[in-house]
Each structure stands twice: as structure tokens, then as C-alpha cells.
Amino acid sequence: MIRFDDQVAIVTGAGVGLGRCHALGLAARGAKVVINDLGVSTQGTSTGSDAAQSVVAEIIAMGGQAMAHGADVSDADQVADMVSKTMERFGRIDILVNNAGILLDKTFAKMTMADFRKVIDVHLIGSANCAHAVWPIMREQKYGRIVLTSSGSGLYGNFGQSNYGAAKAAMMGLMNVLHIEGARDDIRVNTLAPTAATRMTEELLPPEALEVLKPETITPGLLYLVSKDAPSKTILSAGAGTFAQTRVYETQGVLIDGDITPEAIAAHWEQITDPTNQEEMQDAFSQTRKYAKRAAEARNINLDW
């Protein structure tokens, strides 16, 4: 059975919705949980909410341990204070769930760059701030589990969400690098791409969809991604009880002999995009080796690489 006894987890945006469900799920399985919530609307404006304290009370009532912290994740100093107070209270940090987010939807033509930047600051910079603050602690412990939160809007696109989509697509790039850099110290980094009925989706989905897309159908996937035997560098898509892995593949491609021109690209387009034997690249250098090796072989060059 997956348990988190004696482990400490920070969950951002944990006052309501999916974050609250994640926090309660961790606490139910033994974790001490830091409930981070700034108390804002989905647009990022302050509501003076005491939601975080309410979740803390729920966890204490079920016999668990929890504390609240209202750090704005886009502010590195406030995040540092949250991590410092967590260490003072609990002495370690094993799990970080980056869940906090806002929406400022408009078509790209009508969106201000200030609104574009604000969403990036909360989702991407906020996730990086939190991961950066706990990183030295996890390295010292030789153990850590970090989950970033993406979305179908970032993986596949969604009308009116250029800021949100860009921020959510960035989670994959951040995960890929942190996975590589954290492997030596058993820091595993994954991405959850949920489709859930939350404050951020209630106005976008019909009532029937909201009924089946409850956060409780997603949190079990999150709990696996932060468990001792979790994978790393995995994008787990989840919604309504369905779980799937999202992957990025590269086709085998074509080496163009002779003049490399736009016309040559056009002439070979069907072969370039042929999915036969497509593969996952393990890192950026894997792609570099693939291209260099193919070119060297075509020129009878022995590339020992």
C-alpha cells in the first residue's frame, strides 16, 4: 500500500479544488502537509479567503498534521519563507506538488502582455520558485518527489489560452531537465496533466461533464507520482477516472543529400513526417547524436560517439 508516513509535502494552491483534494489525499495516507494558498480568485485577485486554514482544520480533524502558508508562489522571497517555516515545523520536505494557477483568458489579439506575463509568473515561475527552494533540501536528503501541473491546453492547445497554454507547455521542459539533474539524488520529477471540474473549468464545461470530472478521480494519479516507487520524467494525463501517458515522439526523418533547399524539404515531406519507427529522445544530446551519426555514416566517416 502506498503510504507517506513521516514524510512532509507542500501543496500549492491547496485551499480549494484539485489542490485541496491532493492535500487531503496525502494527509489520509500519513503525510504532514503544508497547505499553500494565497486566497485569490481564478483571475489572481485577492479574495481574503481563509480556505487554507479550513483545509488545515480538516486534516487535523482526521488526525493528521498540517500548517497553512499564504505565499505568493511567483514571489521567490515568500516561497523561501514558506520553505523555511516548513523546515522549522517539520524538519524535512519530501514532496512538492506545484498546483497553484490562475486564468486570464482572451484571444491573443486582445490579450495584454501584462496578462500574458502574469499567468506565466504564477504557473511557470511559481513552479520554478518552489522547486528551486526545496531542491537543496531534497539533494541533502537524497530523496525528493516533485510534480508539476500541466494541461491539455499546453499539450494540445485551446482557443483563448495562449498565456495559460504556453505556461503549461513549459512544464514539460522544466520536468525534463530537473529529471536529469535530480536523478543522482533520487529526486524524481513528473508532470500531471489533469482535466477536472474546478473553479478554473466550471464555466467552460457542461454540467454533465462537471459531474464526472471530479478532482477525486485525479488525485490517485498524483499520489502515485509522488510515491517512493514513482517513475520520473512522466506526463500523466488524467480525468474522470481515465489515466494515460502523454509522450513526445520524433520520426526517423530523412537525410537530404546534395543541396539542402526548401524545395528538397518539400519533396521529402512525406518521408520526414512518416511515423514509422518513431522514437522518444532521452535528452537533447540524443537528438544531436542521431543527426550527426547519420550524416557521418553517409560520408563514410567513423564517428565514435
# chains A, B, ... in the order shown; residues from 1 in each chain; ligands from 1
$ closest_atom_pairs --of "region 176-267 of chain A" --to "region 108-132 of chain A" --cutoff "12 Å" --atoms "only C-alpha atoms" --output "CSV"
residue,atom,partner,partner_atom,distance
A:Val177,CA,A:Ala128,CA,11.7
A:Leu178,CA,A:Ala131,CA,9.1
A:His179,CA,A:Ala131,CA,11.9
A:Gly182,CA,A:Ala131,CA,11.1
A:Ile187,CA,A:Ala131,CA,10.9
A:Arg188,CA,A:Ala131,CA,11.7
A:Val189,CA,A:Ala131,CA,9.9
A:Thr191,CA,A:Ser127,CA,11.4
$ write_last_selection --atoms "N, CA and C atoms" --output "JSON list (two decimals), in the first residue's frame"
[["chain", "number", "residue", "atom", "x", "y", "z"],
["A", 177, "VAL", "N", 14.46, 18.59, -17.67],
["A", 177, "VAL", "CA", 15.78, 18.97, -17.17],
["A", 177, "VAL", "C", 15.93, 18.61, -15.69],
["A", 178, "LEU", "N", 14.91, 18.87, -14.88],
["A", 178, "LEU", "CA", 15.01, 18.55, -13.45],
["A", 178, "LEU", "C", 15.12, 17.04, -13.24],
["A", 179, "HIS", "N", 14.48, 16.27, -14.10],
["A", 179, "HIS", "CA", 14.63, 14.81, -14.04],
["A", 179, "HIS", "C", 16.08, 14.40, -14.20],
["A", 182, "GLY", "N", 18.23, 15.76, -11.20],
["A", 182, "GLY", "CA", 17.89, 15.22, -9.88],
["A", 182, "GLY", "C", 18.10, 13.73, -9.73],
["A", 187, "ILE", "N", 15.82, 12.37, -6.79],
["A", 187, "ILE", "CA", 14.74, 13.35, -6.90],
["A", 187, "ILE", "C", 14.02, 13.05, -8.20],
["A", 188, "ARG", "N", 12.79, 12.59, -8.09],
["A", 188, "ARG", "CA", 12.02, 12.21, -9.27],
["A", 188, "ARG", "C", 11.01, 13.31, -9.57],
["A", 189, "VAL", "N", 10.93, 13.66, -10.84],
["A", 189, "VAL", "CA", 10.12, 14.80, -11.26],
["A", 189, "VAL", "C", 9.16, 14.36, -12.35],
["A", 191, "THR", "N", 5.03, 15.15, -14.29],
["A", 191, "THR", "CA", 4.02, 16.16, -14.63],
["A", 191, "THR", "C", 2.65, 15.52, -14.66]]
$ residues_around --residues "region 215-221 of chain A" --least-positions-apart "5" --cutoff "7 Å" --atoms "only C-alpha atoms" --output "JSON, numbers by chain"
{"A": [17, 18, 21, 22, 25, 194, 196, 197, 238, 239, 240, 241]}
$ closest_residue --among "A:Lys293, A:His69, A:Arg139, A:Lys32" --to "Phe90 (chain A)" --atoms "only C-alpha atoms"
A:Lys32
$ select_by_dssp --residues "region 3-206 of chain A" --states "helix (DSSP H, G or I)" --output "VMD selection string"
chain A and resid 17 to 28 51 to 61 76 to 90 113 to 141 152 to 155 162 to 185
$ residues_around --residues "region 223-234 of chain A" --least-positions-apart "5" --cutoff "9 Å" --atoms "only C-alpha atoms" --output "number ranges by chain"
A: 2-4, 22, 25-26, 94-97, 144-147, 172, 175-180, 183, 187-192, 245-247
$ write_last_selection --atoms "N, CA, C and O atoms" --output "tab-separated table (two decimals), in the first residue's frame"
chain	number	residue	atom	x	y	z
A	2	ILE	N	0.52	2.21	-0.79
A	2	ILE	CA	1.28	3.46	-0.86
A	2	ILE	C	0.94	4.32	0.34
A	2	ILE	O	-0.22	4.67	0.58
A	3	ARG	N	1.99	4.65	1.12
A	3	ARG	CA	1.83	5.47	2.31
A	3	ARG	C	2.88	6.58	2.31
A	3	ARG	O	3.90	6.49	1.62
A	4	PHE	N	2.64	7.62	3.11
A	4	PHE	CA	3.56	8.74	3.21
A	4	PHE	C	3.87	9.08	4.67
A	4	PHE	O	4.12	10.22	5.02
A	22	HIS	N	-5.71	16.96	-3.43
A	22	HIS	CA	-4.37	16.40	-3.32
A	22	HIS	C	-3.88	16.42	-1.87
A	22	HIS	O	-3.32	15.43	-1.37
A	25	GLY	N	-5.68	13.91	0.23
A	25	GLY	CA	-5.24	12.56	-0.14
A	25	GLY	C	-3.90	12.21	0.46
A	25	GLY	O	-3.69	11.08	0.94
A	26	LEU	N	-2.97	13.16	0.46
A	26	LEU	CA	-1.66	12.94	1.07
A	26	LEU	C	-1.79	12.75	2.58
A	26	LEU	O	-1.17	11.86	3.17
A	94	ASP	N	9.74	16.25	1.65
A	94	ASP	CA	9.88	15.10	0.77
A	94	ASP	C	9.16	15.26	-0.56
A	94	ASP	O	9.56	14.69	-1.57
A	95	ILE	N	8.06	16.02	-0.52
A	95	ILE	CA	7.17	16.09	-1.68
A	95	ILE	C	6.80	17.55	-1.95
A	95	ILE	O	6.48	18.30	-1.02
A	96	LEU	N	6.84	17.93	-3.22
A	96	LEU	CA	6.34	19.24	-3.65
A	96	LEU	C	5.34	19.02	-4.77
A	96	LEU	O	5.68	18.43	-5.80
A	97	VAL	N	4.14	19.51	-4.57
A	97	VAL	CA	3.10	19.45	-5.60
A	97	VAL	C	2.82	20.88	-6.06
A	97	VAL	O	2.24	21.68	-5.32
A	144	GLY	N	13.53	13.04	-3.03
A	144	GLY	CA	12.53	14.07	-3.27
A	144	GLY	C	11.59	13.66	-4.39
A	144	GLY	O	11.96	12.90	-5.29
A	145	ARG	N	10.37	14.12	-4.30
A	145	ARG	CA	9.37	13.86	-5.33
A	145	ARG	C	8.71	15.20	-5.67
A	145	ARG	O	8.14	15.86	-4.79
A	146	ILE	N	8.78	15.60	-6.93
A	146	ILE	CA	8.20	16.86	-7.38
A	146	ILE	C	7.23	16.59	-8.52
A	146	ILE	O	7.55	15.85	-9.46
A	147	VAL	N	6.06	17.20	-8.43
A	147	VAL	CA	5.09	17.12	-9.52
A	147	VAL	C	4.76	18.52	-10.00
A	147	VAL	O	4.47	19.42	-9.21
A	172	MET	N	6.66	20.69	-19.26
A	172	MET	CA	7.37	19.55	-19.80
A	172	MET	C	8.87	19.82	-19.89
A	172	MET	O	9.69	18.97	-19.53
A	175	MET	N	10.36	19.82	-16.38
A	175	MET	CA	10.42	18.45	-15.88
A	175	MET	C	11.59	17.68	-16.49
A	175	MET	O	12.35	17.01	-15.77
A	176	ASN	N	11.76	17.80	-17.80
A	176	ASN	CA	12.80	17.02	-18.48
A	176	ASN	C	14.19	17.32	-17.92
A	176	ASN	O	15.00	16.41	-17.71
A	177	VAL	N	14.46	18.59	-17.67
A	177	VAL	CA	15.78	18.97	-17.17
A	177	VAL	C	15.93	18.61	-15.69
A	177	VAL	O	16.96	18.07	-15.27
A	178	LEU	N	14.91	18.87	-14.88
A	178	LEU	CA	15.01	18.55	-13.45
A	178	LEU	C	15.12	17.04	-13.24
A	178	LEU	O	15.79	16.58	-12.31
A	179	HIS	N	14.48	16.27	-14.10
A	179	HIS	CA	14.63	14.81	-14.04
A	179	HIS	C	16.08	14.40	-14.20
A	179	HIS	O	16.61	13.58	-13.43
A	180	ILE	N	16.75	14.97	-15.19
A	180	ILE	CA	18.15	14.64	-15.44
A	180	ILE	C	19.04	15.08	-14.28
A	180	ILE	O	19.89	14.33	-13.79
A	183	ALA	N	18.37	13.03	-10.83
A	183	ALA	CA	18.45	11.56	-10.80
A	183	ALA	C	19.48	11.05	-9.81
A	183	ALA	O	19.25	10.06	-9.10
A	187	ILE	N	15.82	12.37	-6.79
A	187	ILE	CA	14.74	13.35	-6.90
A	187	ILE	C	14.02	13.05	-8.20
A	187	ILE	O	14.58	13.18	-9.29
A	188	ARG	N	12.79	12.59	-8.09
A	188	ARG	CA	12.02	12.21	-9.27
A	188	ARG	C	11.01	13.31	-9.57
A	188	ARG	O	10.32	13.80	-8.67
A	189	VAL	N	10.93	13.66	-10.84
A	189	VAL	CA	10.12	14.80	-11.26
A	189	VAL	C	9.16	14.36	-12.35
A	189	VAL	O	9.57	13.82	-13.39
A	190	ASN	N	7.89	14.58	-12.12
A	190	ASN	CA	6.85	14.17	-13.06
A	190	ASN	C	5.89	15.33	-13.31
A	190	ASN	O	5.91	16.35	-12.60
A	191	THR	N	5.03	15.15	-14.29
A	191	THR	CA	4.02	16.16	-14.63
A	191	THR	C	2.65	15.52	-14.66
A	191	THR	O	2.46	14.46	-15.27
A	192	LEU	N	1.69	16.16	-14.00
A	192	LEU	CA	0.30	15.74	-14.03
A	192	LEU	C	-0.46	16.69	-14.96
A	192	LEU	O	-0.34	17.91	-14.84
A	245	GLN	N	-0.55	8.09	-20.48
A	245	GLN	CA	0.75	8.73	-20.55
A	245	GLN	C	0.86	9.52	-21.84
A	245	GLN	O	0.58	9.01	-22.92
A	246	THR	N	1.26	10.77	-21.72
A	246	THR	CA	1.49	11.62	-22.89
A	246	THR	C	2.98	11.62	-23.19
A	246	THR	O	3.80	11.84	-22.30
A	247	ARG	N	3.34	11.36	-24.44
A	247	ARG	CA	4.74	11.30	-24.84
A	247	ARG	C	5.00	12.17	-26.06
A	247	ARG	O	4.10	12.42	-26.86
$ select_by_dssp --residues "region 37-283 of chain A" --states "strand (DSSP E or B)" --output "PyMOL selection string"
chain A and resi 40+46+66-69+95-97+106+144-149+161+187-194+235-239+242-246+250+279
$ closest_residue --among "A:Ala166, A:Ala292, A:Ala133, A:Ala23" --to "Asp304 (chain A)" --atoms "only C-alpha atoms"
A:Ala292
$ closest_residue --among "A:Gly154, A:Pro275, A:Gly13, A:Gly63" --to "Gly173 (chain A)" --atoms "only C-alpha atoms"
A:Gly154
